[in-house]
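Report on the following structure.
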Amino acid sequence: QRMVYAANVVKHYHTGELEVPALRGVSVDIWAGEFVAIMGPSGNGKSTLMNCLSGIDTIDSGLVIVDGYEIHALSDKARTAHRAKRMGFVFQGFNLIPVLTAVENVELPLLAASVKPAEARRRAVAMLARVGLDDRAHHRPGELSGGQQQRVAIARALVGNPAVVWADEPTGNLDSSTATAIVELFVELTAGGHTVVIVTHDPAIAARAHRVIDMVDGRVVPV
Ligand code: ADP
Ligand code: ADP
């Protein structure tokens with residue numbers, strides 16, 4: 001079963017008078033349950049590709065279908081709803097809400113999806129236990145190490161059992177032993193059928209993926 005399909009995606013950024021090409025005709029095909037790493041030098045379109053595939057960003061031309069939805073053809077509202085329901089996100093900077101505790105951060109996507117508070121709390125607590133943070137549930141992000149904050153972010157990304165998980169440099173802010181632990185946890189938690197797309201500079205991280213997509217100058221390098 002196909003989970004992510006993109007054909008001839010073109011994307012420019014407009015900065016003042018300048019038009020910066022970021023994607024120059026990218027096609028990708030990712031199957032359900034695959035763990036794919038997008039690699040390549042800085043500034044070559046990796047994050048842009050991920051953002052266009054997940055519907056965070058719009059495209060200039062081409063086609064993006066995720067989980068059966070034509071992402072590029074949805075309204076902003078429908079795209080946002082599709083993301084919330086079917087996708088999980090992990091970022092380099094963790095993007096946790098600083099005034100909320102770990103468990104409050106994790107339950108947020110469930111509450112946004114109208115899961116009842118008691119049920120959301122139960123599931124968030126269980127998810128924190130799975131990432132090894134049961135004893136940190138009531139700490140705020142500022143009271144946690146970087147590795148712990150990323151575990152909270154992973155719990156938040158997975159708590160809604162998304163079809164696709166997008167992770168943009170999830171280990172970029174972590175030292176190498178913490179990064180290894182985080183990617184192992186990520187691999188273990190997503191092995192149950194999630195489709196995972198990760199952007200990374202780190203060959204050791206990419207080595208954990210089933211497949212690597214190499215980007216250079218806004219294009220996928222043919223294998
Ligand atoms: P990578 O993830 O490989 O580092 P990006 O996708 O971030 O690359 O960037 C691809 C190109 O698009 C680069 O030339 C970058 O400078 C440009 N770019 C990325 N985001 C923006 C933006 N918001 N506005 C203008 N240019 C951007
Ligand atoms: P890691 O090995 O994951 O990098 P650290 O050595 O940074 O962990 O942190 C060790 C312990 O100190 C952790 O249990 C963490 O909860 C706690 N800790 C880290 N930073 C802070 C902080 N700013 N305030 C309170 N506790 C902290």
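Note on naming: chains are A, B, ... as they come in the structure tokens, residues start from 1 per chain, ligands start from 1 in the order shown.
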Which residues form the shell of 6 Å around ligand 1 when you count only C-alpha atoms and all ligand atoms, given as a PDB file with N, CA and C atoms, in the first residue's frame?
```
ATOM      1  N   TYR A  13      10.736  29.726  -3.203  1.00  0.00           N
ATOM      2  CA  TYR A  13      10.455  30.704  -2.156  1.00  0.00           C
ATOM      3  C   TYR A  13      10.631  32.094  -2.749  1.00  0.00           C
ATOM      4  N   THR A  15      11.575  35.823  -1.847  1.00  0.00           N
ATOM      5  CA  THR A  15      12.107  36.733  -0.832  1.00  0.00           C
ATOM      6  C   THR A  15      12.358  38.068  -1.523  1.00  0.00           C
ATOM      7  N   ALA A  22      13.606  25.849  -4.584  1.00  0.00           N
ATOM      8  CA  ALA A  22      13.923  24.920  -3.498  1.00  0.00           C
ATOM      9  C   ALA A  22      13.718  23.473  -3.949  1.00  0.00           C
ATOM     10  N   PRO A  41      23.293  17.611   1.583  1.00  0.00           N
ATOM     11  CA  PRO A  41      23.919  18.782   2.194  1.00  0.00           C
ATOM     12  C   PRO A  41      22.882  19.842   2.569  1.00  0.00           C
ATOM     13  N   SER A  42      23.280  20.722   3.474  1.00  0.00           N
ATOM     14  CA  SER A  42      22.431  21.812   3.930  1.00  0.00           C
ATOM     15  C   SER A  42      21.998  22.700   2.759  1.00  0.00           C
ATOM     16  N   GLY A  43      20.760  23.156   2.791  1.00  0.00           N
ATOM     17  CA  GLY A  43      20.270  24.086   1.776  1.00  0.00           C
ATOM     18  C   GLY A  43      19.877  23.428   0.467  1.00  0.00           C
ATOM     19  N   ASN A  44      19.732  22.119   0.446  1.00  0.00           N
ATOM     20  CA  ASN A  44      19.432  21.415  -0.805  1.00  0.00           C
ATOM     21  C   ASN A  44      17.980  20.962  -0.941  1.00  0.00           C
ATOM     22  N   GLY A  45      17.125  21.384   0.000  1.00  0.00           N
ATOM     23  CA  GLY A  45      15.693  21.179  -0.178  1.00  0.00           C
ATOM     24  C   GLY A  45      15.069  20.084   0.678  1.00  0.00           C
ATOM     25  N   LYS A  46      15.823  19.536   1.628  1.00  0.00           N
ATOM     26  CA  LYS A  46      15.291  18.431   2.438  1.00  0.00           C
ATOM     27  C   LYS A  46      14.081  18.856   3.266  1.00  0.00           C
ATOM     28  N   SER A  47      14.242  19.938   4.018  1.00  0.00           N
ATOM     29  CA  SER A  47      13.131  20.402   4.867  1.00  0.00           C
ATOM     30  C   SER A  47      11.955  20.857   4.014  1.00  0.00           C
ATOM     31  N   THR A  48      12.265  21.515   2.918  1.00  0.00           N
ATOM     32  CA  THR A  48      11.194  21.960   2.024  1.00  0.00           C
ATOM     33  C   THR A  48      10.410  20.758   1.513  1.00  0.00           C
TER      34      THR A  48
END
```
Where does segment 60-146 of chain A meet segment 151-170 of chain A within 10 Å, residue by residue, with the nearest atom pair and distance in Å to one decimal for each, counting only C-alpha atoms, listed by chain and rising number, as a Markdown table?
```
| residue | atom | partner | partner_atom | distance |
| --- | --- | --- | --- | --- |
| A:Val66 | CA | A:Val164 | CA | 8.6 |
| A:Asp67 | CA | A:Ala163 | CA | 7.5 |
| A:Arg83 | CA | A:Pro162 | CA | 9.0 |
| A:Ala84 | CA | A:Pro162 | CA | 8.7 |
| A:Lys85 | CA | A:Pro162 | CA | 7.0 |
| A:Arg86 | CA | A:Pro162 | CA | 4.6 |
| A:Met87 | CA | A:Pro162 | CA | 4.8 |
| A:Gly88 | CA | A:Ala157 | CA | 4.3 |
| A:Phe89 | CA | A:Trp166 | CA | 4.9 |
| A:Val90 | CA | A:Ala167 | CA | 4.5 |
| A:Phe91 | CA | A:Asp168 | CA | 5.1 |
| A:Gln92 | CA | A:Pro170 | CA | 4.5 |
| A:Gly93 | CA | A:Pro170 | CA | 7.8 |
| A:Phe94 | CA | A:Ala153 | CA | 5.9 |
| A:Asn95 | CA | A:Ala153 | CA | 7.5 |
| A:Leu96 | CA | A:Ala153 | CA | 6.7 |
| A:Thr101 | CA | A:Val152 | CA | 9.7 |
| A:Ala102 | CA | A:Val152 | CA | 6.2 |
| A:Val103 | CA | A:Val152 | CA | 8.1 |
| A:Glu104 | CA | A:Arg156 | CA | 9.5 |
| A:Asn105 | CA | A:Arg156 | CA | 6.7 |
| A:Val106 | CA | A:Arg156 | CA | 4.2 |
| A:Glu107 | CA | A:Arg156 | CA | 7.0 |
| A:Leu108 | CA | A:Arg156 | CA | 7.8 |
| A:Pro109 | CA | A:Gly160 | CA | 7.1 |
| A:Leu110 | CA | A:Gly160 | CA | 6.4 |
| A:Ala113 | CA | A:Gly160 | CA | 8.9 |
| A:Val115 | CA | A:Gly160 | CA | 9.9 |
| A:Ala120 | CA | A:Val159 | CA | 9.1 |
| A:Arg123 | CA | A:Val159 | CA | 7.0 |
| A:Ala124 | CA | A:Val159 | CA | 6.6 |
| A:Val125 | CA | A:Ala155 | CA | 9.5 |
| A:Ala126 | CA | A:Val159 | CA | 9.0 |
| A:Met127 | CA | A:Ala155 | CA | 5.7 |
| A:Leu128 | CA | A:Ala155 | CA | 6.0 |
| A:Ala129 | CA | A:Ala155 | CA | 9.1 |
| A:Arg130 | CA | A:Ala155 | CA | 8.0 |
| A:Val131 | CA | A:Arg151 | CA | 5.9 |
| A:Gly132 | CA | A:Arg151 | CA | 8.0 |
| A:Leu133 | CA | A:Arg151 | CA | 7.7 |
| A:Arg136 | CA | A:Val152 | CA | 9.4 |
| A:Ala137 | CA | A:Val152 | CA | 9.0 |
| A:Pro141 | CA | A:Val152 | CA | 8.5 |
| A:Leu144 | CA | A:Val152 | CA | 9.5 |
| A:Ser145 | CA | A:Arg151 | CA | 9.8 |
| A:Gly146 | CA | A:Arg151 | CA | 8.6 |
```
Next, write the just-selected residues to a file, as a compact mmCIF listing (two decimals), in the first residue's frame, keeping N, CA and C atoms as the atom set.
```txt
# COMPACT_ATOMS: atom_id res chain seq x y z
N VAL A 66 -1.00 11.87 0.15
CA VAL A 66 -0.60 11.19 1.38
C VAL A 66 -1.82 10.50 1.97
N ASP A 67 -1.69 9.19 2.20
CA ASP A 67 -2.76 8.47 2.85
C ASP A 67 -4.07 8.61 2.06
N ARG A 83 -3.58 16.80 8.72
CA ARG A 83 -2.33 16.70 9.47
C ARG A 83 -2.58 16.29 10.91
N ALA A 84 -3.55 16.96 11.53
CA ALA A 84 -3.82 16.70 12.94
C ALA A 84 -4.29 15.27 13.16
N LYS A 85 -5.06 14.75 12.23
CA LYS A 85 -5.69 13.45 12.42
C LYS A 85 -4.73 12.30 12.08
N ARG A 86 -3.93 12.47 11.03
CA ARG A 86 -3.22 11.34 10.46
C ARG A 86 -1.70 11.45 10.51
N MET A 87 -1.18 12.59 10.99
CA MET A 87 0.27 12.78 10.96
C MET A 87 0.81 13.17 12.32
N GLY A 88 2.06 12.75 12.58
CA GLY A 88 2.77 13.18 13.77
C GLY A 88 4.05 13.89 13.35
N PHE A 89 4.49 14.85 14.16
CA PHE A 89 5.68 15.65 13.81
C PHE A 89 6.69 15.68 14.95
N VAL A 90 7.97 15.53 14.58
CA VAL A 90 9.06 15.69 15.54
C VAL A 90 10.05 16.66 14.91
N PHE A 91 10.47 17.68 15.68
CA PHE A 91 11.36 18.71 15.15
C PHE A 91 12.69 18.73 15.89
N GLN A 92 13.68 19.34 15.25
CA GLN A 92 15.00 19.47 15.86
C GLN A 92 14.92 20.21 17.20
N GLY A 93 14.11 21.27 17.24
CA GLY A 93 14.04 22.11 18.44
C GLY A 93 12.97 21.67 19.42
N PHE A 94 12.48 20.46 19.28
CA PHE A 94 11.49 19.83 20.18
C PHE A 94 10.09 20.46 20.08
N ASN A 95 10.04 21.82 20.05
CA ASN A 95 8.76 22.54 19.91
C ASN A 95 7.72 22.15 20.96
N LEU A 96 8.18 21.97 22.18
CA LEU A 96 7.22 21.73 23.27
C LEU A 96 6.73 23.07 23.80
N THR A 101 3.32 20.92 31.36
CA THR A 101 4.13 19.79 31.79
C THR A 101 4.25 18.78 30.65
N ALA A 102 5.12 17.80 30.86
CA ALA A 102 5.32 16.76 29.83
C ALA A 102 4.00 16.10 29.45
N VAL A 103 3.25 15.68 30.46
CA VAL A 103 2.00 14.97 30.16
C VAL A 103 0.98 15.90 29.49
N GLU A 104 0.98 17.17 29.87
CA GLU A 104 0.07 18.13 29.22
C GLU A 104 0.45 18.35 27.76
N ASN A 105 1.77 18.39 27.49
CA ASN A 105 2.21 18.50 26.09
C ASN A 105 1.77 17.29 25.28
N VAL A 106 1.90 16.12 25.86
CA VAL A 106 1.60 14.90 25.11
C VAL A 106 0.10 14.75 24.86
N GLU A 107 -0.71 15.17 25.80
CA GLU A 107 -2.16 14.98 25.62
C GLU A 107 -2.79 16.04 24.72
N LEU A 108 -2.03 17.10 24.44
CA LEU A 108 -2.59 18.21 23.66
C LEU A 108 -3.21 17.79 22.32
N PRO A 109 -2.50 16.99 21.50
CA PRO A 109 -3.13 16.61 20.22
C PRO A 109 -4.40 15.79 20.40
N LEU A 110 -4.49 15.05 21.48
CA LEU A 110 -5.71 14.27 21.72
C LEU A 110 -6.86 15.19 22.10
N ALA A 113 -8.22 16.83 19.25
CA ALA A 113 -9.04 15.92 18.44
C ALA A 113 -10.31 15.50 19.19
N VAL A 115 -10.77 14.11 22.08
CA VAL A 115 -10.75 12.96 22.98
C VAL A 115 -11.09 13.48 24.38
N ALA A 120 -7.68 11.15 27.38
CA ALA A 120 -6.46 11.77 26.84
C ALA A 120 -5.33 11.65 27.87
N ARG A 123 -4.05 8.03 28.08
CA ARG A 123 -3.22 7.66 26.94
C ARG A 123 -1.88 8.39 26.96
N ALA A 124 -1.88 9.65 27.39
CA ALA A 124 -0.62 10.42 27.45
C ALA A 124 0.32 9.82 28.49
N VAL A 125 -0.24 9.43 29.63
CA VAL A 125 0.59 8.83 30.69
C VAL A 125 1.19 7.51 30.18
N ALA A 126 0.38 6.71 29.49
CA ALA A 126 0.86 5.43 28.96
C ALA A 126 1.96 5.66 27.91
N MET A 127 1.78 6.68 27.09
CA MET A 127 2.77 6.97 26.04
C MET A 127 4.08 7.45 26.66
N LEU A 128 3.98 8.27 27.71
CA LEU A 128 5.21 8.72 28.39
C LEU A 128 5.95 7.55 29.01
N ALA A 129 5.21 6.58 29.49
CA ALA A 129 5.86 5.38 30.05
C ALA A 129 6.61 4.64 28.94
N ARG A 130 6.01 4.60 27.74
CA ARG A 130 6.67 3.89 26.63
C ARG A 130 7.97 4.56 26.21
N VAL A 131 8.07 5.88 26.39
CA VAL A 131 9.34 6.55 26.06
C VAL A 131 10.26 6.65 27.28
N GLY A 132 9.87 5.98 28.36
CA GLY A 132 10.74 5.90 29.54
C GLY A 132 10.71 7.12 30.43
N LEU A 133 9.62 7.87 30.39
CA LEU A 133 9.56 9.11 31.18
C LEU A 133 8.42 9.14 32.17
N ARG A 136 8.77 11.61 34.87
CA ARG A 136 8.96 13.02 34.53
C ARG A 136 7.68 13.66 34.01
N ALA A 137 6.56 13.00 34.21
CA ALA A 137 5.29 13.44 33.61
C ALA A 137 4.91 14.87 34.01
N PRO A 141 9.21 21.36 30.21
CA PRO A 141 10.34 21.15 29.31
C PRO A 141 11.66 21.71 29.85
N LEU A 144 13.82 19.47 31.92
CA LEU A 144 14.22 18.19 31.33
C LEU A 144 15.46 18.39 30.45
N SER A 145 16.27 17.34 30.32
CA SER A 145 17.41 17.39 29.42
C SER A 145 16.92 17.39 27.97
N GLY A 146 17.83 17.68 27.05
CA GLY A 146 17.46 17.67 25.63
C GLY A 146 16.91 16.33 25.19
```
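Rounded to one decimal, atom CA of Ile71 of chain A and atom CA of His12 of chain A lie 17.6 Å from each other.
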Can you tell me, as a ChimeraX atom specification, which residues in segment 10-135 of chain A count as strand (DSSP E or B) by DSSP? /A:10-15,18-31,35-39,61-66,69-70,87-91
Select, from A:Gln150, A:Thr200, A:Ser54, A:Thr195, the residue with the minimum atom-to-atom distance to Ile30 of chain A, counting only C-alpha atoms. A:Thr195
